[in-house]
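Presented below is the structure to which this report refers.
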Amino acid sequence: MVVLEREDTVGSHQTGHNSGVIHSGVYYTPGSLKARLCVEGARLMYEYCDERGIAYERCGKLIVAVRPDELERLDEIERRGRLNGVQGLRRLDAADIGEVEPEARGIAALHCPSTGIVDYRQVTEELRKDVIERGGVVRTGVEARRLERRGDRTVVEYEGGSCTATMAITCAGLWSDRLAVASGASPDPRIVPFRGGYLHVRTKGGQLLRGLVYPVPDPDLPFLGVHVTKHIDGETVIGPTALLVGSRTAYRIWKLRIRDMLDIATWPGVWRMARVYWRTGITEMMMAARRRRFVRAAAVYVPRVAELGVDGPDIGGVRAQAVARDGTLVDDFVISETPGAMHVRNAPSPAATSSLALARELVDRLEAATAP
């Protein structure tokens with residue numbers, strides 16, 4: 001087995017810049033790949049961390065409603081979670097919220113005790129070691145350009161050379177659409193980069209939260225809103241924003257890349273998406289530009305955030321969000337096939353949580369495709 005990694009280290013992009021949450025599977029449409037693979041993936045992730053001695057904390061999460069008009073959406077999240085087999089879900093009233101999370105405020109909440117936190121960079125490094133221990137090779141600094149089926153072999157071309165395999169799987173994240181299309185797949189959907197910014201809360205070495213606190217998300221968007229989370233290293237952050245940006249590596253907000261901007265501007269789905277979500281886009285720009293608005297969004301359900309304040313410049317990650325030609329923000333994992341290859345085209349959150357289950361799904365599909 002050979003793994004080709006575009007960067008010099010593993011976990012350099014989405015995997016190393018996410019919130020570090022092991023999701024429970026509570027949000028996702030029953031029957032979707034996300035729902036099935038997240039619940040199974042969380043179980044496998046906890047088992048893998050135990051096996052490899054990776055630190056994690058099963059700290060739990062509250063999804064908090066602060067307005068009456070959010071209660072129906074909270075009902076739907078609870079319904080989905082129970083259908084998806086999420087264990088331990090409990091509905092809380094305003095008084096119960098304070099018992100579970102003293103700093104949180106709301107009129108109702110859903111408690112998901114199976115949610116956890118981990119450092120996914122460490123998980124990825126252990127997976128790299130696994131490949132090597134099993135006789136495989138991880139080649140860093142090698143960017144795959146295209147895949148082509150020649151006879152009974154798949155040729156993976158990269159700058160300065162190529163390698164061959166019986167079958168290949170591509171998981172190219174922010175560049176997944178380009179690699180798939182270059183290998184003969186449909187151009188639909190296209191990856192559009194959304195930057196998620198986080199701010200550190202000044203906890204002064206103390207602990208603000210016992211677990212994680214999230215708002216009730218907008219059901220029309222594949223984003224979970226600005227939440228307050230603690231990391232496995234003890235830091236507490238608020239975020240992320242979800243701002244459309246001009247580069248697939250816009251870890252600094254104003255970074256631009258001509259090819260990425262052309263990809264955005266020439267994809268019909270982007271303009272159709274913008275016509276629907278332009279108000280949301282303005283809100284995200286305001287939060288990115290004005291730190292106080294960002295803090296205020298989190299303080300609605302964790303008021304002490306405003307009292308403590310935030311430190312330093314924001315830290316950012318870039319989400320590879322697939323947008324369909326019709327303007328739909330694709331809200332499930334998408335896997336497409338070309339001769340001799342399988343391509344992960346859309347794997348946003350909870351992809352890190354689901355990764356081990358998604359790997360099994362891909363292998364099962366490959367075995368089915370190659371069965372006599």
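Chain lettering (A, B, ...) mirrors the order of the structure tokens, residue numbering begins at 1 for each chain separately, and ligand numbering begins at 1 in order of display.
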Inset, instruction - Using DSSP on the backbone coordinates, identify the residues of stretch 26-179 of chain A assigned to strand (DSSP E); present them as a PyMOL selection string. - result: chain A and resi 56-57+61-65+90-93+108-112+116-118+137-140+144-150+153-158+161-165+168-170
Closest pair table for stretch 39-115 of chain A residues within 8 Å of stretch 212-216 of chain A, only C-alpha atoms, as JSON lines:
```
{"residue": "A:Cys59", "atom": "CA", "partner": "A:Leu212", "partner_atom": "CA", "distance": 7.4}
{"residue": "A:Gly60", "atom": "CA", "partner": "A:Leu212", "partner_atom": "CA", "distance": 6.4}
{"residue": "A:Lys61", "atom": "CA", "partner": "A:Leu212", "partner_atom": "CA", "distance": 4.5}
{"residue": "A:Leu62", "atom": "CA", "partner": "A:Val213", "partner_atom": "CA", "distance": 4.9}
{"residue": "A:Ile63", "atom": "CA", "partner": "A:Tyr214", "partner_atom": "CA", "distance": 4.7}
{"residue": "A:Val64", "atom": "CA", "partner": "A:Pro215", "partner_atom": "CA", "distance": 5.1}
{"residue": "A:Ala65", "atom": "CA", "partner": "A:Val216", "partner_atom": "CA", "distance": 5.8}
{"residue": "A:Glu70", "atom": "CA", "partner": "A:Val216", "partner_atom": "CA", "distance": 6.7}
{"residue": "A:Arg73", "atom": "CA", "partner": "A:Val216", "partner_atom": "CA", "distance": 7.1}
{"residue": "A:Leu74", "atom": "CA", "partner": "A:Val216", "partner_atom": "CA", "distance": 6.5}
{"residue": "A:Ala104", "atom": "CA", "partner": "A:Val213", "partner_atom": "CA", "distance": 7.4}
```
Can you write out the residues you just picked, keeping N, CA and C atoms, as a CSV table (one decimal), in the first residue's frame?
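Below is the file part-v1.csv, written as the result:
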```csv
chain,number,residue,atom,x,y,z
A,59,CYS,N,-16.7,14.5,27.0
A,59,CYS,CA,-17.1,15.5,27.9
A,59,CYS,C,-18.6,15.9,27.7
A,60,GLY,N,-19.2,15.5,26.6
A,60,GLY,CA,-20.6,15.8,26.3
A,60,GLY,C,-20.8,17.1,25.7
A,61,LYS,N,-22.0,17.3,25.2
A,61,LYS,CA,-22.4,18.6,24.5
A,61,LYS,C,-23.8,19.0,24.8
A,62,LEU,N,-24.0,20.3,25.0
A,62,LEU,CA,-25.4,20.8,25.0
A,62,LEU,C,-25.7,21.6,23.7
A,63,ILE,N,-26.9,21.3,23.2
A,63,ILE,CA,-27.4,22.1,22.1
A,63,ILE,C,-28.5,23.0,22.7
A,64,VAL,N,-28.3,24.3,22.8
A,64,VAL,CA,-29.1,25.2,23.6
A,64,VAL,C,-30.0,26.0,22.7
A,65,ALA,N,-31.3,26.0,23.1
A,65,ALA,CA,-32.3,26.9,22.5
A,65,ALA,C,-32.5,28.1,23.4
A,70,GLU,N,-36.9,28.4,18.4
A,70,GLU,CA,-35.9,27.4,18.1
A,70,GLU,C,-36.3,26.0,18.7
A,73,ARG,N,-37.1,23.3,16.1
A,73,ARG,CA,-35.8,22.8,15.5
A,73,ARG,C,-35.1,21.8,16.4
A,74,LEU,N,-35.1,22.2,17.7
A,74,LEU,CA,-34.5,21.3,18.7
A,74,LEU,C,-35.2,20.0,18.8
A,104,ALA,N,-23.9,28.0,31.0
A,104,ALA,CA,-24.8,28.0,29.9
A,104,ALA,C,-26.1,28.6,30.3
```
With only C-alpha atoms as the counted atoms, please give the residues lying no more than 8 Å from stretch 328-345 of chain A, apart from itself and same-chain residues fewer than 5 positions off, as a PDB file with C-alpha atoms, in the first residue's frame.
```
ATOM      1  CA  SER A  32     -27.797   9.491   5.163  1.00  0.00           C
ATOM      2  CA  LEU A  33     -24.156   8.469   4.921  1.00  0.00           C
ATOM      3  CA  LYS A  34     -23.342  11.135   7.519  1.00  0.00           C
ATOM      4  CA  LEU A 147      -5.653   8.914 -12.312  1.00  0.00           C
ATOM      5  CA  GLU A 148      -6.086   6.790 -15.428  1.00  0.00           C
ATOM      6  CA  ARG A 149      -7.090   3.155 -15.891  1.00  0.00           C
ATOM      7  CA  ARG A 153      -4.037  -1.209 -13.386  1.00  0.00           C
ATOM      8  CA  THR A 154      -4.728   2.323 -12.193  1.00  0.00           C
ATOM      9  CA  THR A 166      -4.906  -2.401  -8.674  1.00  0.00           C
ATOM     10  CA  MET A 167      -7.378   0.178  -7.336  1.00  0.00           C
ATOM     11  CA  ALA A 168      -7.018   3.660  -5.863  1.00  0.00           C
ATOM     12  CA  ILE A 169      -8.923   5.888  -3.461  1.00  0.00           C
ATOM     13  CA  THR A 170      -8.608   9.668  -3.547  1.00  0.00           C
ATOM     14  CA  CYS A 171      -9.382  11.805  -0.500  1.00  0.00           C
ATOM     15  CA  ALA A 172      -8.014  15.146  -1.638  1.00  0.00           C
ATOM     16  CA  GLY A 173     -10.062  17.422   0.613  1.00  0.00           C
ATOM     17  CA  SER A 176     -10.980  16.706  -4.285  1.00  0.00           C
ATOM     18  CA  ASP A 177     -13.056  18.065  -7.164  1.00  0.00           C
ATOM     19  CA  ALA A 180     -11.706  13.711  -9.555  1.00  0.00           C
ATOM     20  CA  SER A 183      -9.493  11.609 -13.601  1.00  0.00           C
ATOM     21  CA  GLY A 184     -12.742  11.583 -15.596  1.00  0.00           C
ATOM     22  CA  ALA A 185     -15.442  12.257 -12.980  1.00  0.00           C
ATOM     23  CA  PRO A 189     -20.266  19.217  -7.313  1.00  0.00           C
ATOM     24  CA  LEU A 221     -27.240  25.299   6.210  1.00  0.00           C
ATOM     25  CA  PRO A 222     -24.626  22.538   6.667  1.00  0.00           C
ATOM     26  CA  GLY A 269     -23.942  27.011  -8.243  1.00  0.00           C
ATOM     27  CA  MET A 273     -26.278  29.905  -3.631  1.00  0.00           C
ATOM     28  CA  GLN A 321     -17.766  22.640   1.056  1.00  0.00           C
ATOM     29  CA  ALA A 322     -19.240  21.022  -2.043  1.00  0.00           C
ATOM     30  CA  VAL A 323     -21.730  23.189  -3.933  1.00  0.00           C
ATOM     31  CA  LEU A 362     -14.703   2.755   0.801  1.00  0.00           C
ATOM     32  CA  LEU A 366     -13.905  -1.356  -3.699  1.00  0.00           C
TER      33      LEU A 366
END
```
Inset, instruction - Just the residues within 8 Å of A:Ala108, please, counting only C-alpha atoms, with nothing from its chain fewer than 5 positions along; format it as a PyMOL selection string. - result: chain A and resi 64-66+71+91-94+97
Could you turn the residues from that selection into a file that holds N, CA and C atoms, as a PDB file, in the first residue's frame?
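The resulting selection31.pdb:
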```pdb
ATOM      1  N   VAL A  64     -28.290  24.298  22.753  1.00  0.00           N
ATOM      2  CA  VAL A  64     -29.111  25.170  23.585  1.00  0.00           C
ATOM      3  C   VAL A  64     -30.041  26.038  22.740  1.00  0.00           C
ATOM      4  N   ALA A  65     -31.326  26.007  23.082  1.00  0.00           N
ATOM      5  CA  ALA A  65     -32.303  26.908  22.483  1.00  0.00           C
ATOM      6  C   ALA A  65     -32.452  28.128  23.385  1.00  0.00           C
ATOM      7  N   VAL A  66     -32.379  29.320  22.810  1.00  0.00           N
ATOM      8  CA  VAL A  66     -32.515  30.549  23.598  1.00  0.00           C
ATOM      9  C   VAL A  66     -33.796  31.304  23.274  1.00  0.00           C
ATOM     10  N   LEU A  71     -37.405  25.966  19.420  1.00  0.00           N
ATOM     11  CA  LEU A  71     -37.798  24.713  20.073  1.00  0.00           C
ATOM     12  C   LEU A  71     -38.205  23.642  19.073  1.00  0.00           C
ATOM     13  N   ARG A  91     -33.403  15.530  27.135  1.00  0.00           N
ATOM     14  CA  ARG A  91     -33.948  16.872  26.966  1.00  0.00           C
ATOM     15  C   ARG A  91     -33.926  17.593  28.315  1.00  0.00           C
ATOM     16  N   LEU A  92     -33.474  18.832  28.316  1.00  0.00           N
ATOM     17  CA  LEU A  92     -33.345  19.618  29.540  1.00  0.00           C
ATOM     18  C   LEU A  92     -34.200  20.870  29.478  1.00  0.00           C
ATOM     19  N   ASP A  93     -34.714  21.295  30.643  1.00  0.00           N
ATOM     20  CA  ASP A  93     -35.358  22.600  30.721  1.00  0.00           C
ATOM     21  C   ASP A  93     -34.336  23.622  31.211  1.00  0.00           C
ATOM     22  N   ALA A  94     -34.762  24.858  31.439  1.00  0.00           N
ATOM     23  CA  ALA A  94     -33.834  25.934  31.786  1.00  0.00           C
ATOM     24  C   ALA A  94     -33.068  25.629  33.070  1.00  0.00           C
ATOM     25  N   ILE A  97     -30.322  22.918  32.571  1.00  0.00           N
ATOM     26  CA  ILE A  97     -29.137  23.372  31.835  1.00  0.00           C
ATOM     27  C   ILE A  97     -28.024  23.760  32.799  1.00  0.00           C
TER      28      ILE A  97
END
```
Legend entry - In stretch 124-294 of chain A, DSSP alpha helix (DSSP H) residues written as a PyMOL selection string: chain A and resi 124-133+176-182+258-265+268-289+291-294
Legend entry - Exercise: stretch 138-142 of chain A partners within 8 Å, only C-alpha atoms, chain neighbours under 6 positions left out, as an MDAnalysis selection string: chainID A and resid 2:10 128 131:132 158:159
Go ahead and dump the residues you just picked, N, CA and C atoms, as a CSV table (one decimal), in the first residue's frame.
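What follows is the written file part_20.csv:
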```csv
chain,number,residue,atom,x,y,z
A,2,VAL,N,0.5,2.2,-0.8
A,2,VAL,CA,1.2,3.5,-0.9
A,2,VAL,C,0.2,4.6,-0.7
A,3,VAL,N,0.5,5.5,0.2
A,3,VAL,CA,-0.3,6.7,0.5
A,3,VAL,C,0.5,7.9,0.0
A,4,LEU,N,-0.1,8.7,-0.9
A,4,LEU,CA,0.5,9.9,-1.4
A,4,LEU,C,-0.1,11.1,-0.7
A,5,GLU,N,0.7,11.9,-0.1
A,5,GLU,CA,0.3,13.1,0.6
A,5,GLU,C,0.8,14.3,0.0
A,6,ARG,N,-0.1,15.3,-0.3
A,6,ARG,CA,0.3,16.5,-1.0
A,6,ARG,C,1.3,17.3,-0.2
A,7,GLU,N,1.1,17.4,1.1
A,7,GLU,CA,1.9,18.3,1.9
A,7,GLU,C,3.1,17.5,2.5
A,8,ASP,N,3.9,18.3,3.2
A,8,ASP,CA,5.1,17.6,3.8
A,8,ASP,C,4.8,16.9,5.1
A,9,THR,N,3.7,17.2,5.7
A,9,THR,CA,3.2,16.4,6.9
A,9,THR,C,1.8,16.0,6.7
A,10,VAL,N,1.3,15.0,7.5
A,10,VAL,CA,-0.1,14.6,7.4
A,10,VAL,C,-0.9,15.5,8.3
A,128,ARG,N,-0.7,7.2,10.3
A,128,ARG,CA,0.5,7.2,9.4
A,128,ARG,C,1.4,6.1,9.9
A,131,VAL,N,0.2,2.6,8.9
A,131,VAL,CA,0.5,2.2,7.5
A,131,VAL,C,1.9,1.7,7.4
A,132,ILE,N,2.8,2.3,8.0
A,132,ILE,CA,4.2,1.9,7.9
A,132,ILE,C,4.4,0.6,8.7
A,158,TYR,N,1.8,12.1,-10.9
A,158,TYR,CA,2.1,13.2,-10.1
A,158,TYR,C,3.3,13.9,-10.7
A,159,GLU,N,3.7,15.1,-10.3
A,159,GLU,CA,4.8,15.8,-10.9
A,159,GLU,C,6.1,15.0,-10.7
```
